[in-house]
>>> print(open('coords.cif').read())   # mmCIF, N, CA and C atoms
data_target
#
loop_
_atom_site.label_atom_id
_atom_site.label_comp_id
_atom_site.auth_asym_id
_atom_site.auth_seq_id
_atom_site.Cartn_x
_atom_site.Cartn_y
_atom_site.Cartn_z
N MET A 1 27.96 -0.73 13.14
CA MET A 1 28.23 -2.09 13.49
C MET A 1 29.71 -2.21 13.82
N LYS A 2 30.01 -2.69 14.97
CA LYS A 2 31.37 -2.76 15.47
C LYS A 2 32.22 -3.71 14.63
N GLY A 3 33.40 -3.23 14.25
CA GLY A 3 34.37 -4.05 13.56
C GLY A 3 34.08 -4.27 12.07
N SER A 4 32.98 -3.78 11.56
CA SER A 4 32.66 -4.02 10.16
C SER A 4 33.29 -2.99 9.23
N GLY A 5 33.75 -1.88 9.80
CA GLY A 5 34.36 -0.85 8.98
C GLY A 5 33.33 0.04 8.31
N ALA A 6 32.08 -0.27 8.41
CA ALA A 6 31.03 0.53 7.80
C ALA A 6 30.09 1.02 8.88
N PHE A 7 29.70 2.27 8.76
CA PHE A 7 28.75 2.83 9.72
C PHE A 7 27.33 2.66 9.20
N VAL A 8 26.49 2.05 9.98
CA VAL A 8 25.09 1.89 9.64
C VAL A 8 24.28 2.44 10.81
N SER A 9 23.43 3.42 10.54
CA SER A 9 22.65 4.02 11.61
C SER A 9 21.62 3.03 12.16
N ILE A 10 21.20 3.29 13.36
CA ILE A 10 20.18 2.44 13.97
C ILE A 10 18.91 2.50 13.14
N ARG A 11 18.55 3.67 12.64
CA ARG A 11 17.36 3.80 11.80
C ARG A 11 17.48 2.93 10.55
N GLN A 12 18.65 2.91 9.89
CA GLN A 12 18.86 2.08 8.70
C GLN A 12 18.73 0.60 9.06
N GLN A 13 19.27 0.23 10.21
CA GLN A 13 19.17 -1.17 10.63
C GLN A 13 17.71 -1.55 10.86
N LEU A 14 16.97 -0.67 11.52
CA LEU A 14 15.56 -0.94 11.77
C LEU A 14 14.77 -1.01 10.47
N MET A 15 15.06 -0.09 9.55
CA MET A 15 14.36 -0.08 8.27
C MET A 15 14.67 -1.35 7.48
N ALA A 16 15.91 -1.85 7.59
CA ALA A 16 16.30 -3.04 6.84
C ALA A 16 15.61 -4.29 7.38
N THR A 17 15.30 -4.29 8.67
CA THR A 17 14.69 -5.48 9.26
C THR A 17 13.17 -5.39 9.36
N THR A 18 12.62 -4.25 9.01
CA THR A 18 11.17 -4.09 9.12
C THR A 18 10.45 -4.92 8.06
N THR A 19 9.28 -5.39 8.41
CA THR A 19 8.46 -6.12 7.44
C THR A 19 7.21 -5.31 7.12
N ARG A 20 7.19 -4.07 7.52
CA ARG A 20 6.02 -3.22 7.28
C ARG A 20 6.06 -2.68 5.87
N LYS A 21 5.60 -3.50 4.93
CA LYS A 21 5.63 -3.14 3.52
C LYS A 21 4.27 -2.62 3.09
N VAL A 22 4.29 -1.56 2.29
CA VAL A 22 3.08 -1.01 1.71
C VAL A 22 3.28 -0.99 0.20
N LEU A 23 2.38 -1.63 -0.53
CA LEU A 23 2.43 -1.63 -1.99
C LEU A 23 1.58 -0.49 -2.50
N VAL A 24 2.22 0.45 -3.21
CA VAL A 24 1.52 1.58 -3.82
C VAL A 24 1.36 1.27 -5.30
N VAL A 25 0.10 1.26 -5.75
CA VAL A 25 -0.20 0.93 -7.14
C VAL A 25 -0.87 2.15 -7.77
N ASP A 26 -0.13 2.82 -8.65
CA ASP A 26 -0.62 4.04 -9.29
C ASP A 26 0.21 4.27 -10.54
N ASP A 27 -0.38 4.78 -11.59
CA ASP A 27 0.37 5.04 -12.81
C ASP A 27 1.01 6.43 -12.81
N ASP A 28 0.89 7.17 -11.73
CA ASP A 28 1.46 8.51 -11.61
C ASP A 28 2.78 8.44 -10.82
N PRO A 29 3.92 8.68 -11.49
CA PRO A 29 5.21 8.61 -10.80
C PRO A 29 5.35 9.62 -9.66
N ILE A 30 4.67 10.75 -9.76
CA ILE A 30 4.72 11.75 -8.69
C ILE A 30 4.09 11.18 -7.43
N MET A 31 2.99 10.45 -7.59
CA MET A 31 2.33 9.81 -6.45
C MET A 31 3.28 8.84 -5.76
N HIS A 32 4.02 8.07 -6.55
CA HIS A 32 4.98 7.12 -5.97
C HIS A 32 6.07 7.86 -5.18
N ARG A 33 6.59 8.93 -5.75
CA ARG A 33 7.66 9.67 -5.10
C ARG A 33 7.19 10.29 -3.79
N VAL A 34 6.05 10.97 -3.83
CA VAL A 34 5.53 11.64 -2.64
C VAL A 34 5.17 10.62 -1.56
N LEU A 35 4.43 9.59 -1.94
CA LEU A 35 4.04 8.59 -0.95
C LEU A 35 5.24 7.81 -0.43
N GLY A 36 6.20 7.54 -1.30
CA GLY A 36 7.40 6.83 -0.87
C GLY A 36 8.14 7.57 0.22
N GLN A 37 8.34 8.87 0.03
CA GLN A 37 9.02 9.68 1.03
C GLN A 37 8.22 9.71 2.33
N TYR A 38 6.94 9.89 2.23
CA TYR A 38 6.10 9.98 3.42
C TYR A 38 6.07 8.66 4.17
N LEU A 39 5.87 7.56 3.46
CA LEU A 39 5.81 6.25 4.10
C LEU A 39 7.14 5.89 4.76
N GLU A 40 8.24 6.16 4.10
CA GLU A 40 9.55 5.85 4.68
C GLU A 40 9.80 6.67 5.94
N ARG A 41 9.40 7.93 5.93
CA ARG A 41 9.55 8.76 7.14
C ARG A 41 8.74 8.20 8.30
N ASN A 42 7.71 7.46 7.99
CA ASN A 42 6.84 6.90 9.03
C ASN A 42 7.08 5.42 9.27
N GLY A 43 8.22 4.91 8.83
CA GLY A 43 8.63 3.56 9.18
C GLY A 43 8.13 2.44 8.29
N TYR A 44 7.69 2.77 7.08
CA TYR A 44 7.21 1.75 6.15
C TYR A 44 8.15 1.63 4.97
N GLN A 45 8.23 0.44 4.43
CA GLN A 45 8.96 0.21 3.18
C GLN A 45 7.93 0.23 2.07
N MET A 46 8.15 1.07 1.04
CA MET A 46 7.20 1.15 -0.06
C MET A 46 7.63 0.26 -1.21
N LEU A 47 6.69 -0.51 -1.70
CA LEU A 47 6.84 -1.27 -2.93
C LEU A 47 6.01 -0.56 -3.98
N SER A 48 6.40 -0.64 -5.25
CA SER A 48 5.70 0.10 -6.30
C SER A 48 5.24 -0.79 -7.44
N ALA A 49 4.07 -0.46 -7.96
CA ALA A 49 3.55 -1.05 -9.19
C ALA A 49 2.81 0.05 -9.92
N SER A 50 2.82 0.00 -11.26
CA SER A 50 2.18 1.07 -12.02
C SER A 50 0.90 0.65 -12.73
N ASP A 51 0.50 -0.61 -12.58
CA ASP A 51 -0.80 -1.03 -13.11
C ASP A 51 -1.29 -2.24 -12.32
N GLY A 52 -2.53 -2.62 -12.58
CA GLY A 52 -3.16 -3.69 -11.84
C GLY A 52 -2.47 -5.03 -11.98
N GLN A 53 -1.98 -5.33 -13.17
CA GLN A 53 -1.30 -6.59 -13.40
C GLN A 53 -0.03 -6.69 -12.56
N GLN A 54 0.75 -5.63 -12.55
CA GLN A 54 1.95 -5.59 -11.71
C GLN A 54 1.59 -5.70 -10.24
N ALA A 55 0.48 -5.09 -9.85
CA ALA A 55 0.04 -5.13 -8.46
C ALA A 55 -0.22 -6.56 -7.99
N VAL A 56 -0.92 -7.32 -8.80
CA VAL A 56 -1.24 -8.71 -8.44
C VAL A 56 0.06 -9.52 -8.32
N GLN A 57 0.97 -9.34 -9.27
CA GLN A 57 2.25 -10.07 -9.22
C GLN A 57 3.06 -9.67 -8.01
N MET A 58 3.20 -8.37 -7.76
CA MET A 58 4.01 -7.87 -6.65
C MET A 58 3.42 -8.31 -5.30
N ALA A 59 2.11 -8.21 -5.17
CA ALA A 59 1.47 -8.61 -3.91
C ALA A 59 1.67 -10.10 -3.65
N SER A 60 1.60 -10.91 -4.69
CA SER A 60 1.81 -12.35 -4.54
C SER A 60 3.24 -12.67 -4.12
N LEU A 61 4.20 -11.92 -4.63
CA LEU A 61 5.62 -12.17 -4.32
C LEU A 61 6.05 -11.59 -2.98
N GLU A 62 5.58 -10.39 -2.67
CA GLU A 62 6.09 -9.64 -1.52
C GLU A 62 5.21 -9.69 -0.26
N ALA A 63 3.95 -10.03 -0.40
CA ALA A 63 3.01 -10.08 0.74
C ALA A 63 3.07 -8.81 1.60
N PRO A 64 2.73 -7.65 1.02
CA PRO A 64 2.74 -6.41 1.80
C PRO A 64 1.65 -6.44 2.88
N GLN A 65 1.80 -5.58 3.88
CA GLN A 65 0.80 -5.49 4.93
C GLN A 65 -0.44 -4.75 4.46
N VAL A 66 -0.26 -3.82 3.51
CA VAL A 66 -1.35 -3.01 2.98
C VAL A 66 -1.07 -2.72 1.51
N ILE A 67 -2.14 -2.61 0.72
CA ILE A 67 -2.02 -2.20 -0.68
C ILE A 67 -2.83 -0.92 -0.86
N ILE A 68 -2.18 0.09 -1.46
CA ILE A 68 -2.85 1.34 -1.81
C ILE A 68 -3.05 1.28 -3.32
N LEU A 69 -4.29 1.28 -3.76
CA LEU A 69 -4.61 0.94 -5.14
C LEU A 69 -5.45 2.02 -5.82
N ASP A 70 -4.88 2.61 -6.87
CA ASP A 70 -5.61 3.59 -7.67
C ASP A 70 -6.63 2.84 -8.54
N VAL A 71 -7.74 3.48 -8.86
CA VAL A 71 -8.77 2.83 -9.67
C VAL A 71 -8.43 2.88 -11.15
N ARG A 72 -8.11 4.06 -11.66
CA ARG A 72 -7.88 4.22 -13.10
C ARG A 72 -6.40 4.06 -13.44
N MET A 73 -6.11 2.96 -14.15
CA MET A 73 -4.73 2.68 -14.57
C MET A 73 -4.76 1.95 -15.91
N PRO A 74 -3.64 1.99 -16.63
CA PRO A 74 -3.57 1.26 -17.91
C PRO A 74 -3.45 -0.25 -17.68
N GLU A 75 -3.62 -1.01 -18.73
CA GLU A 75 -3.48 -2.47 -18.73
C GLU A 75 -4.61 -3.15 -17.94
N MET A 76 -4.62 -2.99 -16.63
CA MET A 76 -5.67 -3.58 -15.80
C MET A 76 -6.07 -2.54 -14.76
N SER A 77 -7.35 -2.26 -14.67
CA SER A 77 -7.82 -1.24 -13.72
C SER A 77 -7.59 -1.71 -12.28
N GLY A 78 -7.65 -0.75 -11.39
CA GLY A 78 -7.51 -1.06 -9.98
C GLY A 78 -8.61 -1.97 -9.47
N LEU A 79 -9.83 -1.78 -9.98
CA LEU A 79 -10.94 -2.62 -9.52
C LEU A 79 -10.79 -4.06 -10.01
N ALA A 80 -10.31 -4.24 -11.24
CA ALA A 80 -10.06 -5.60 -11.75
C ALA A 80 -8.96 -6.26 -10.92
N ALA A 81 -7.92 -5.49 -10.60
CA ALA A 81 -6.83 -6.02 -9.77
C ALA A 81 -7.35 -6.37 -8.37
N LEU A 82 -8.19 -5.52 -7.82
CA LEU A 82 -8.76 -5.77 -6.49
C LEU A 82 -9.53 -7.08 -6.48
N ARG A 83 -10.36 -7.29 -7.49
CA ARG A 83 -11.12 -8.55 -7.56
C ARG A 83 -10.19 -9.76 -7.63
N GLN A 84 -9.11 -9.65 -8.41
CA GLN A 84 -8.15 -10.76 -8.49
C GLN A 84 -7.44 -10.97 -7.16
N LEU A 85 -7.00 -9.89 -6.53
CA LEU A 85 -6.31 -10.00 -5.25
C LEU A 85 -7.17 -10.70 -4.21
N LYS A 86 -8.47 -10.43 -4.22
CA LYS A 86 -9.37 -11.01 -3.23
C LYS A 86 -9.74 -12.46 -3.56
N GLU A 87 -9.35 -12.95 -4.74
CA GLU A 87 -9.61 -14.34 -5.11
C GLU A 87 -8.40 -15.25 -4.89
N ILE A 88 -7.21 -14.67 -4.79
CA ILE A 88 -5.97 -15.45 -4.66
C ILE A 88 -5.74 -15.76 -3.18
N HIS A 89 -5.50 -17.02 -2.88
CA HIS A 89 -5.31 -17.45 -1.49
C HIS A 89 -4.26 -16.63 -0.75
N GLY A 90 -3.12 -16.38 -1.36
CA GLY A 90 -2.03 -15.68 -0.70
C GLY A 90 -2.20 -14.18 -0.55
N THR A 91 -3.18 -13.59 -1.24
CA THR A 91 -3.35 -12.14 -1.17
C THR A 91 -4.72 -11.70 -0.67
N LYS A 92 -5.66 -12.61 -0.55
CA LYS A 92 -7.03 -12.20 -0.23
C LYS A 92 -7.18 -11.55 1.14
N SER A 93 -6.26 -11.82 2.07
CA SER A 93 -6.39 -11.21 3.39
C SER A 93 -5.60 -9.91 3.53
N ILE A 94 -4.90 -9.48 2.48
CA ILE A 94 -4.16 -8.21 2.54
C ILE A 94 -5.16 -7.05 2.41
N PRO A 95 -5.18 -6.14 3.39
CA PRO A 95 -6.08 -5.00 3.30
C PRO A 95 -5.73 -4.11 2.10
N VAL A 96 -6.78 -3.64 1.41
CA VAL A 96 -6.60 -2.79 0.24
C VAL A 96 -7.33 -1.47 0.46
N ILE A 97 -6.58 -0.37 0.29
CA ILE A 97 -7.15 0.97 0.35
C ILE A 97 -7.25 1.46 -1.09
N VAL A 98 -8.45 1.71 -1.56
CA VAL A 98 -8.66 2.20 -2.92
C VAL A 98 -8.61 3.73 -2.87
N VAL A 99 -7.86 4.31 -3.82
CA VAL A 99 -7.80 5.76 -3.94
C VAL A 99 -8.21 6.14 -5.36
N THR A 100 -8.98 7.21 -5.46
CA THR A 100 -9.45 7.65 -6.77
C THR A 100 -9.89 9.10 -6.72
N VAL A 101 -9.87 9.74 -7.88
CA VAL A 101 -10.41 11.10 -7.98
C VAL A 101 -11.93 11.04 -8.16
N ASN A 102 -12.43 9.90 -8.59
CA ASN A 102 -13.85 9.72 -8.85
C ASN A 102 -14.54 9.16 -7.61
N ALA A 103 -15.08 10.04 -6.80
CA ALA A 103 -15.66 9.61 -5.53
C ALA A 103 -17.19 9.53 -5.56
N ASP A 104 -17.75 9.22 -6.72
CA ASP A 104 -19.20 9.14 -6.78
C ASP A 104 -19.69 7.87 -6.07
N ARG A 105 -20.96 7.84 -5.81
CA ARG A 105 -21.57 6.73 -5.06
C ARG A 105 -21.38 5.38 -5.75
N ALA A 106 -21.48 5.36 -7.08
CA ALA A 106 -21.34 4.10 -7.83
C ALA A 106 -19.93 3.53 -7.67
N THR A 107 -18.91 4.40 -7.72
CA THR A 107 -17.53 3.93 -7.57
C THR A 107 -17.30 3.41 -6.15
N LEU A 108 -17.81 4.13 -5.17
CA LEU A 108 -17.68 3.67 -3.78
C LEU A 108 -18.34 2.31 -3.58
N MET A 109 -19.53 2.15 -4.12
CA MET A 109 -20.24 0.87 -4.01
C MET A 109 -19.47 -0.25 -4.71
N GLU A 110 -18.92 0.05 -5.89
CA GLU A 110 -18.18 -0.97 -6.63
C GLU A 110 -16.91 -1.39 -5.88
N THR A 111 -16.24 -0.43 -5.24
CA THR A 111 -15.04 -0.79 -4.47
C THR A 111 -15.40 -1.68 -3.28
N GLN A 112 -16.50 -1.39 -2.63
CA GLN A 112 -16.94 -2.21 -1.49
C GLN A 112 -17.31 -3.62 -1.94
N VAL A 113 -18.06 -3.73 -3.02
CA VAL A 113 -18.47 -5.03 -3.54
C VAL A 113 -17.24 -5.83 -3.99
N SER A 114 -16.24 -5.15 -4.52
CA SER A 114 -15.02 -5.82 -5.00
C SER A 114 -14.09 -6.25 -3.87
N GLY A 115 -14.33 -5.77 -2.65
CA GLY A 115 -13.55 -6.22 -1.50
C GLY A 115 -12.60 -5.21 -0.89
N ALA A 116 -12.73 -3.93 -1.23
CA ALA A 116 -11.85 -2.91 -0.65
C ALA A 116 -12.07 -2.81 0.86
N ASP A 117 -10.99 -2.54 1.57
CA ASP A 117 -11.06 -2.39 3.03
C ASP A 117 -11.08 -0.93 3.44
N GLY A 118 -10.69 -0.05 2.53
CA GLY A 118 -10.67 1.38 2.80
C GLY A 118 -10.83 2.14 1.50
N PHE A 119 -11.17 3.42 1.61
CA PHE A 119 -11.42 4.24 0.42
C PHE A 119 -11.01 5.67 0.73
N LEU A 120 -10.19 6.26 -0.12
CA LEU A 120 -9.81 7.66 0.02
C LEU A 120 -9.98 8.36 -1.33
N THR A 121 -10.42 9.61 -1.28
CA THR A 121 -10.58 10.41 -2.48
C THR A 121 -9.35 11.27 -2.68
N LYS A 122 -8.81 11.25 -3.91
CA LYS A 122 -7.69 12.13 -4.26
C LYS A 122 -8.23 13.52 -4.51
N PRO A 123 -7.55 14.56 -4.11
CA PRO A 123 -6.34 14.51 -3.30
C PRO A 123 -6.70 14.25 -1.83
N PHE A 124 -5.85 13.53 -1.16
CA PHE A 124 -6.03 13.25 0.27
C PHE A 124 -4.81 13.75 1.01
N ARG A 125 -4.98 13.98 2.30
CA ARG A 125 -3.86 14.39 3.13
C ARG A 125 -3.07 13.14 3.52
N PRO A 126 -1.74 13.22 3.53
CA PRO A 126 -0.94 12.06 3.92
C PRO A 126 -1.33 11.50 5.28
N GLY A 127 -1.72 12.38 6.19
CA GLY A 127 -2.15 11.92 7.52
C GLY A 127 -3.38 11.02 7.45
N GLU A 128 -4.28 11.31 6.51
CA GLU A 128 -5.47 10.45 6.33
C GLU A 128 -5.05 9.05 5.90
N LEU A 129 -4.10 9.00 4.98
CA LEU A 129 -3.62 7.72 4.50
C LEU A 129 -2.94 6.94 5.61
N LEU A 130 -2.10 7.60 6.37
CA LEU A 130 -1.40 6.93 7.47
C LEU A 130 -2.39 6.41 8.51
N ALA A 131 -3.40 7.20 8.82
CA ALA A 131 -4.42 6.76 9.78
C ALA A 131 -5.15 5.52 9.26
N GLU A 132 -5.44 5.49 7.98
CA GLU A 132 -6.12 4.34 7.38
C GLU A 132 -5.21 3.10 7.40
N ILE A 133 -3.94 3.29 7.10
CA ILE A 133 -2.99 2.17 7.15
C ILE A 133 -2.91 1.62 8.57
N LYS A 134 -2.79 2.50 9.53
CA LYS A 134 -2.71 2.07 10.94
C LYS A 134 -3.98 1.36 11.37
N ARG A 135 -5.13 1.87 10.95
CA ARG A 135 -6.41 1.23 11.31
C ARG A 135 -6.46 -0.19 10.76
N LEU A 136 -6.06 -0.35 9.51
CA LEU A 136 -6.14 -1.66 8.87
C LEU A 136 -5.09 -2.63 9.40
N THR A 137 -3.90 -2.15 9.69
CA THR A 137 -2.89 -3.06 10.22
C THR A 137 -3.16 -3.40 11.69
N ALA A 138 -3.80 -2.49 12.40
CA ALA A 138 -4.16 -2.79 13.80
C ALA A 138 -5.20 -3.90 13.84
N SER A 139 -6.11 -3.89 12.87
CA SER A 139 -7.15 -4.92 12.85
C SER A 139 -6.60 -6.28 12.45
N THR A 140 -5.42 -6.31 11.83
CA THR A 140 -4.82 -7.59 11.47
C THR A 140 -3.70 -7.95 12.45
N GLY A 141 -3.51 -7.12 13.48
CA GLY A 141 -2.51 -7.42 14.49
C GLY A 141 -1.08 -7.14 14.06
N GLU A 142 -0.88 -6.33 13.00
CA GLU A 142 0.46 -6.08 12.50
C GLU A 142 0.94 -4.67 12.79
N ALA A 143 0.17 -3.88 13.51
CA ALA A 143 0.58 -2.51 13.78
C ALA A 143 1.72 -2.49 14.77
N GLU A 144 2.58 -1.55 14.59
CA GLU A 144 3.67 -1.31 15.53
C GLU A 144 4.03 0.13 15.43
N SER A 145 4.68 0.67 16.44
CA SER A 145 5.06 2.07 16.37
C SER A 145 6.26 2.23 15.47
N PRO A 146 6.32 3.37 14.76
CA PRO A 146 7.42 3.60 13.84
C PRO A 146 8.75 3.69 14.58
N PRO A 147 9.85 3.39 13.87
CA PRO A 147 11.18 3.46 14.50
C PRO A 147 11.53 4.87 14.89
#
>>> encode(input="coords.cif", output="structure tokens")
Amino acid sequence: MKGSGAFVSIRQQLMATTTRKVLVVDDDPIMHRVLGQYLERNGYQMLSASDGQQAVQMASLEAPQVIILDVRMPEMSGLAALRQLKEIHGTKSIPVIVVTVNADRATLMETQVSGADGFLTKPFRPGELLAEIKRLTASTGEAESPP
């Protein structure tokens, strides 16, 4: 920035003005670190929550474009959080991708009934997640190419 005395890269400026927020809800700190690095490299700002209760609060405050939600977590499960998110006026239209190690038919059915927009089985490839995010944001008209 001219005359400010501080150098800010174009990428930093773009990242600072982007509204492409993804809320990652998982009780595994490694998942947050890995996904955070991957999402940032692809032009997204990652928000973090470690349980369902935090997810509902964070989504209500920050209005992310997508929520990535683990099923098994302490305090409030991902499915309980999903049901709450889909009942709140300000969060019900936010697409939610449920991720879990338990990919049985009953869990898949429960996520669909609870209002999930996408489903991935852990472990998943980061490219699968990015494709799902792009699919869901394109359907809401919020997709854009990364910086």
>>> closest_residue(input="coords.cif", among="A:Met58, A:Ile30, A:Val66, A:Leu35", to="Ser93 (chain A)", atoms="only C-alpha atoms")
A:Val66
>>> atom_distance(input="coords.cif", atom1="atom C of Ile97 (chain A)", atom2="atom C of Gly36 (chain A)")
16.6 Å
>>> closest_residue(input="coords.cif", among="A:Leu79, A:Leu136, A:Ala49, A:Ile94", to="Ile67 (chain A)", atoms="all atoms listed in the file")
A:Ile94
>>> closest_residue(input="coords.cif", among="A:Asn102, A:Thr107, A:Thr137, A:Ser77", to="Val22 (chain A)", atoms="only C-alpha atoms")
A:Thr137
>>> select_by_dssp(input="coords.cif", residues="region 40-125 of chain A", states="strand (DSSP E or B)", output="MDAnalysis selection string")
chainID A and resid 45:49 66:70 96:100 118:121
>>> atom_distance(input="coords.cif", atom1="atom C of Thr91 (chain A)", atom2="atom N of Pro123 (chain A)")
26.6 Å
